Amino acid sequence: PHERPAAGHATAVAHPNIALIKYWGKRDDHLILPASDSLSMTLDVFSTTSHRPAGTRGRGGPGDPQRHPGGRRAVPAGGRLVRERARRAERAVVDTRNTVPTGAGLASSASGFAALAVAATAAYGLRLDATELSRLARRGSGSASRSIFGGFALWHAGRGTGADADLSSYAEPLPVGDLDAALVIAIVDAGPKAVSSRVGMRRTVETSPLYGPWVESSRADLTEMRAALLRGDLEAVGEIAERNALGMHATMLAARPAVRYMAPATLTVLDSILRLRQDGVAAYATMDAGPNVKVLCAGADADRVARTLRSGASRTYIARLGPGACLRAEDG
Ligand code: 2P0
């Protein structure tokens with residue numbers, strides 16, 4: 001019989017993604033199944049490295065599984081899923097290095113769990129295809145399903161419930177036309193957020209009267225967004241992304257009590273973006289579970305957009321399309 005390879009070391013690198021059509025709200029909290037499809041671009045900045053020497057035991061110290069990117073608790077659960085799949089009992093330690101400013105709506109959990117899925121399965125000798133890796137990453141954090149892929153990715157909400165839905169909820173890379181897109185990240189506050197995405201989502205689903213209508217309109221936005229991406233129509237992509245994000249924030253504001261991530265400085269940046277558009281620069285905002293603003297624009301305009309936003313933001317970064325999660329070669 002075929003002998004299973006010994007559990008080894010594996011290191012994987014992944015990048016954050018920013019949703020242009022947002023994921024906000026689950027229909028299954030345990031399996032992390034979203035209420036609607038979402039669509040994102042993976043960035044080339046702020047990578048996460050997840051190192052997984054399997055077969056070693058460890059508690060406490062920098063390798064403790066509790067010390068996860070973004071301070072999240074879910075690594076032991078992710079590790080358990082991989083162990084069950086590999087039919088191995090031994091625990092592994094995880095050492096994650098993260099250059100994403102954590103907890104500020106910059107998707108540190110997306111790159112963290114995508115890297116973890118790739119590293120952990122490799123360390124345990126599992127060979128999963130990209131769809132299975134995406135499903136596994138999803139169980140750590142929903143948005144991580146999209147960081148398995150580079151470029152633009154679509155995360156399917158999945159069909160039905162339970163095991164069927166679990167099998168059909170994964171991300172896949174999306175075909176796009178000729179598009180020179182950049183994302184300028186305007187940091188207005190890099191501190192941790194007051195309400196976690198998980199709590200904010202649940203409260204929005206359970207209490208916001210605007211939630212149902214937002215899910216409906218988000219479906220329509222997705223259809224239009226896919227067509228705009230295929231045409232390579234950056235202005236349409238930006239307009240749809242901006243209205244989808246503002247709609248998401250509107251549903252949150254209508255939750256009881258309100259979930260509000262925007263700060264005064266967020267609105268100052270939004271005003272600057274309006275002025276840029278009046279000056280003929282195609283720049284569009286999207287915001288996540290934090291006060292920072294990400295601005296979609298053409299690569300050729302990114303320097304100008306960043307310079308303009310610097311008056312209202314404490315820092316700006318220019319990101320372009322980045323690669324999907326992958327193993328780092330030196331660990332073989
Ligand atoms: C997104 N966000 O689509 C949305 C938009 C924030 C706002 O995905 O509960 O860390 O772990 O599945 O993926 C952030 O939420 O939430 C997120 P869980 P996650 O990017």
# chains A, B, ... in the order shown; residues from 1 in each chain; ligands from 1

$ residues_around --residues "segment 8-24 of chain A" --least-positions-apart "4" --cutoff "6 Å" --atoms "only C-alpha atoms" --output "JSON, numbers by chain"
{"A": [38, 39, 40, 41, 42, 43, 47, 48, 49, 50, 51, 52, 53, 54, 107, 110, 111, 115, 119, 123, 147, 201, 241, 325, 326, 327, 328, 331]}

$ residues_around --residues "Leu321 of chain A" --least-positions-apart "6" --cutoff "9 Å" --atoms "only C-alpha atoms" --output "list in words"
Met41, Thr42, Leu43, Asp44, Val45, Gly150, Gly151, Phe152, Ala181, Ala182 and Leu183 of chain A

$ write_last_selection --atoms "C-alpha atoms" --output "PDB file, in the first residue's frame"
ATOM      1  CA  MET A  41      -9.635  41.836  -5.910  1.00  0.00           C
ATOM      2  CA  THR A  42      -6.551  40.307  -4.321  1.00  0.00           C
ATOM      3  CA  LEU A  43      -3.840  42.867  -3.584  1.00  0.00           C
ATOM      4  CA  ASP A  44      -0.070  42.796  -3.960  1.00  0.00           C
ATOM      5  CA  VAL A  45       0.599  44.447  -0.573  1.00  0.00           C
ATOM      6  CA  GLY A 150      -5.050  36.159  -7.322  1.00  0.00           C
ATOM      7  CA  GLY A 151      -6.647  38.877  -9.417  1.00  0.00           C
ATOM      8  CA  PHE A 152     -10.434  39.081  -9.227  1.00  0.00           C
ATOM      9  CA  ALA A 181      -6.843  48.790 -11.813  1.00  0.00           C
ATOM     10  CA  ALA A 182      -5.108  50.088  -8.716  1.00  0.00           C
ATOM     11  CA  LEU A 183      -6.403  50.409  -5.188  1.00  0.00           C
TER      12      LEU A 183
END

$ residues_around --residues "Ala228 of chain A" --least-positions-apart "4" --cutoff "10 Å" --atoms "only C-alpha atoms" --output "NGL selection string"
:A and (176-177 or 222-224 or 232-238 or 240)

$ closest_residue --among "A:Phe46, A:Tyr261, A:Tyr211, A:Phe149" --to "ligand 1" --atoms "only C-alpha atoms and all ligand atoms"
A:Tyr261

$ select_by_dssp --residues "segment 33-282 of chain A" --states "helix (DSSP H, G or I)" --output "PyMOL selection string"
chain A and resi 69-71+75-86+108-123+130-140+144-147+162-168+197-207+211-231+234-253+264-278

$ closest_residue --among "A:Leu31, A:Cys297, A:Ala289, A:Val259" --to "Ser108 of chain A" --atoms "only C-alpha atoms"
A:Ala289

$ residues_around --residues "Lys26 of chain A" --least-positions-apart "5" --cutoff "8 Å" --atoms "only C-alpha atoms" --output "list in words"
Ile32, Leu33, Pro34, Ala35, Met201, Arg202 and Val205 of chain A

$ closest_residue --among "A:Gly312, A:Pro257, A:Gly322, A:Gly299" --to "Ile273 of chain A" --atoms "only C-alpha atoms"
A:Gly312
